[in-house]
Amino acid sequence: MIDHLDGAVIPIGFDVPVEPLRRSAHFTGEPGCIAEARTFASLFLEQLRTEWCATIGARTDGAALLVVSELVTNADRHSNGPYILELEGTDESITVAVYDSSGTLPRIYPRDPERIGCHGLEIVQALARDILVERVPVGKCVRAVLSFDAG
């Protein structure tokens with residue numbers, strides 16, 4: 001829809017779909033990669049706030065960074081090669097996806113506070129709205145979707 005004002009063309013409404021913000025980063029697994037991934041995600045969240053006017057509460061901000069840490073740490077520990085962190089977001093949610101070269105799908109273990117280790121996906125499951133684990137031609141992808149809160 002278009003309106004005219006003193007000869008100027010003014011678009012009205014949102015006739016064109018808006019694409020989510022997407023960024024990806026490649027990591028080699030060298031020391032410091034997990035911290036770099038968290039910094040990358042933090043900058044992405046700031047960009048969502050600026051470009052999408054996303055209201056991201058402190059709880060969701062921390063949850064998103066924790067999900068990035070857990071998924072990147074798992075890729076770092078369990079794959080034999082580099083991994084990719086892919087982020088996609090709008091004003092309502094963020095999707096965190098990590099691709100790695102291992103074809104072994106991760107397991108979510110039953111809750112056991114006495115178990116040492118293997119809590120990563122349990123934590124992600126508690127924080128995310130959705131989790132998807134799938135094999136891809138070069139290994140696997142673990143994807144988590146988090147909704148934004150306003151607080």
# chains A, B, ... in the order shown; residues from 1 in each chain; ligands from 1
call {"tool": "residues_around", "arguments": {"residues": "region 125-132 of chain A", "least_positions_apart": "2", "cutoff": "12 Å", "atoms": "only C-alpha atoms", "output": "VMD selection string"}}
result
chain A and resid 59 to 68 70 to 71 92 to 99 105 to 111 119 to 123 134 to 135 140 to 149
call {"tool": "select_by_dssp", "arguments": {"residues": "chain A", "states": "alpha helix (DSSP H)", "output": "ChimeraX atom specification"}}
result
/A:33-51,58-78,120-127
call {"tool": "write_last_selection", "arguments": {"atoms": "N, CA and C atoms", "output": "short mmCIF file (atom, residue, chain, number, x, y, z; two decimals), in the first residue's frame"}}
result
data_model
loop_
_atom_site.label_atom_id
_atom_site.label_comp_id
_atom_site.auth_asym_id
_atom_site.auth_seq_id
_atom_site.Cartn_x
_atom_site.Cartn_y
_atom_site.Cartn_z
N CYS A 33 37.97 -20.57 22.06
CA CYS A 33 36.85 -20.56 21.11
C CYS A 33 35.49 -20.43 21.80
N ILE A 34 35.34 -21.06 22.95
CA ILE A 34 34.06 -21.02 23.65
C ILE A 34 33.77 -19.59 24.11
N ALA A 35 34.77 -18.92 24.64
CA ALA A 35 34.61 -17.52 25.04
C ALA A 35 34.31 -16.64 23.82
N GLU A 36 34.99 -16.91 22.70
CA GLU A 36 34.74 -16.15 21.47
C GLU A 36 33.31 -16.36 21.01
N ALA A 37 32.79 -17.57 21.12
CA ALA A 37 31.42 -17.87 20.71
C ALA A 37 30.43 -17.09 21.58
N ARG A 38 30.69 -17.02 22.88
CA ARG A 38 29.82 -16.25 23.78
C ARG A 38 29.86 -14.76 23.43
N THR A 39 31.03 -14.23 23.13
CA THR A 39 31.15 -12.83 22.74
C THR A 39 30.40 -12.58 21.44
N PHE A 40 30.55 -13.49 20.47
CA PHE A 40 29.84 -13.39 19.20
C PHE A 40 28.33 -13.36 19.44
N ALA A 41 27.83 -14.24 20.32
CA ALA A 41 26.40 -14.29 20.63
C ALA A 41 25.94 -13.03 21.35
N SER A 42 26.76 -12.50 22.24
CA SER A 42 26.42 -11.28 22.96
C SER A 42 26.27 -10.10 22.00
N LEU A 43 27.19 -10.00 21.05
CA LEU A 43 27.10 -8.94 20.03
C LEU A 43 25.86 -9.12 19.16
N PHE A 44 25.52 -10.38 18.87
CA PHE A 44 24.32 -10.67 18.09
C PHE A 44 23.07 -10.20 18.84
N LEU A 45 23.00 -10.49 20.13
CA LEU A 45 21.84 -10.06 20.93
C LEU A 45 21.74 -8.53 20.94
N GLU A 46 22.87 -7.84 21.03
CA GLU A 46 22.85 -6.38 20.98
C GLU A 46 22.34 -5.90 19.63
N GLN A 47 22.74 -6.58 18.57
CA GLN A 47 22.29 -6.21 17.23
C GLN A 47 20.78 -6.44 17.10
N LEU A 48 20.25 -7.50 17.70
CA LEU A 48 18.80 -7.72 17.70
C LEU A 48 18.08 -6.60 18.44
N ARG A 49 18.66 -6.16 19.54
CA ARG A 49 18.05 -5.05 20.29
C ARG A 49 18.01 -3.78 19.44
N THR A 50 19.10 -3.53 18.72
CA THR A 50 19.21 -2.32 17.93
C THR A 50 18.39 -2.37 16.65
N GLU A 51 18.56 -3.43 15.86
CA GLU A 51 17.95 -3.50 14.54
C GLU A 51 16.51 -4.02 14.56
N ALA A 58 17.11 -9.75 30.98
CA ALA A 58 18.39 -10.25 31.49
C ALA A 58 18.39 -11.77 31.61
N ARG A 59 17.26 -12.35 31.99
CA ARG A 59 17.17 -13.81 32.13
C ARG A 59 17.38 -14.50 30.79
N THR A 60 16.72 -14.00 29.76
CA THR A 60 16.85 -14.61 28.44
C THR A 60 18.23 -14.35 27.85
N ASP A 61 18.78 -13.18 28.11
CA ASP A 61 20.13 -12.87 27.65
C ASP A 61 21.11 -13.90 28.23
N GLY A 62 21.03 -14.13 29.53
CA GLY A 62 21.90 -15.12 30.16
C GLY A 62 21.63 -16.53 29.68
N ALA A 63 20.34 -16.85 29.47
CA ALA A 63 19.99 -18.18 28.98
C ALA A 63 20.56 -18.42 27.59
N ALA A 64 20.47 -17.42 26.72
CA ALA A 64 20.99 -17.57 25.36
C ALA A 64 22.50 -17.79 25.38
N LEU A 65 23.22 -17.05 26.21
CA LEU A 65 24.67 -17.23 26.30
C LEU A 65 25.03 -18.58 26.90
N LEU A 66 24.24 -19.06 27.85
CA LEU A 66 24.48 -20.38 28.42
C LEU A 66 24.23 -21.48 27.39
N VAL A 67 23.18 -21.34 26.59
CA VAL A 67 22.90 -22.33 25.54
C VAL A 67 24.04 -22.34 24.53
N VAL A 68 24.53 -21.17 24.13
CA VAL A 68 25.67 -21.11 23.21
C VAL A 68 26.86 -21.83 23.84
N SER A 69 27.15 -21.53 25.09
CA SER A 69 28.29 -22.18 25.78
C SER A 69 28.16 -23.69 25.79
N GLU A 70 26.98 -24.18 26.16
CA GLU A 70 26.77 -25.63 26.26
C GLU A 70 26.90 -26.31 24.90
N LEU A 71 26.27 -25.75 23.87
CA LEU A 71 26.30 -26.40 22.55
C LEU A 71 27.69 -26.33 21.93
N VAL A 72 28.37 -25.20 22.08
CA VAL A 72 29.72 -25.07 21.52
C VAL A 72 30.69 -25.96 22.30
N THR A 73 30.53 -26.04 23.61
CA THR A 73 31.40 -26.91 24.41
C THR A 73 31.23 -28.37 23.99
N ASN A 74 29.97 -28.78 23.76
CA ASN A 74 29.73 -30.16 23.31
C ASN A 74 30.39 -30.41 21.96
N ALA A 75 30.26 -29.46 21.03
CA ALA A 75 30.89 -29.63 19.72
C ALA A 75 32.41 -29.68 19.86
N ASP A 76 32.94 -28.85 20.73
CA ASP A 76 34.38 -28.80 20.95
C ASP A 76 34.90 -30.13 21.51
N ARG A 77 34.16 -30.71 22.43
CA ARG A 77 34.61 -31.94 23.09
C ARG A 77 34.38 -33.20 22.25
N HIS A 78 33.32 -33.23 21.47
CA HIS A 78 32.90 -34.49 20.86
C HIS A 78 33.08 -34.59 19.36
N GLY A 120 24.82 -31.07 29.82
CA GLY A 120 24.71 -29.98 28.85
C GLY A 120 23.36 -29.88 28.17
N LEU A 121 22.91 -30.96 27.55
CA LEU A 121 21.63 -30.90 26.86
C LEU A 121 20.47 -30.84 27.83
N GLU A 122 20.65 -31.36 29.03
CA GLU A 122 19.63 -31.23 30.07
C GLU A 122 19.42 -29.74 30.39
N ILE A 123 20.51 -29.00 30.49
CA ILE A 123 20.43 -27.56 30.74
C ILE A 123 19.78 -26.86 29.56
N VAL A 124 20.21 -27.19 28.34
CA VAL A 124 19.63 -26.57 27.14
C VAL A 124 18.14 -26.86 27.07
N GLN A 125 17.74 -28.08 27.37
CA GLN A 125 16.32 -28.45 27.33
C GLN A 125 15.51 -27.63 28.33
N ALA A 126 16.09 -27.34 29.48
CA ALA A 126 15.39 -26.55 30.49
C ALA A 126 15.22 -25.09 30.06
N LEU A 127 16.12 -24.59 29.24
CA LEU A 127 16.10 -23.18 28.85
C LEU A 127 15.40 -22.92 27.53
#
call {"tool": "atom_distance", "arguments": {"atom1": "CA of Asp91 (chain A)", "atom2": "CA of Thr55 (chain A)"}}
result
6.9 Å
call {"tool": "select_by_dssp", "arguments": {"residues": "chain A", "states": "strand (DSSP E or B)", "output": "PyMOL selection string"}}
result
chain A and resi 2-5+8-11+21-27+83-89+93-100+130-136+139-147
call {"tool": "atom_distance", "arguments": {"atom1": "CA of Glu86 (chain A)", "atom2": "CA of Pro137 (chain A)"}}
result
16.5 Å
call {"tool": "atom_distance", "arguments": {"atom1": "CA of Pro20 (chain A)", "atom2": "CA of Glu88 (chain A)"}}
result
6.3 Å
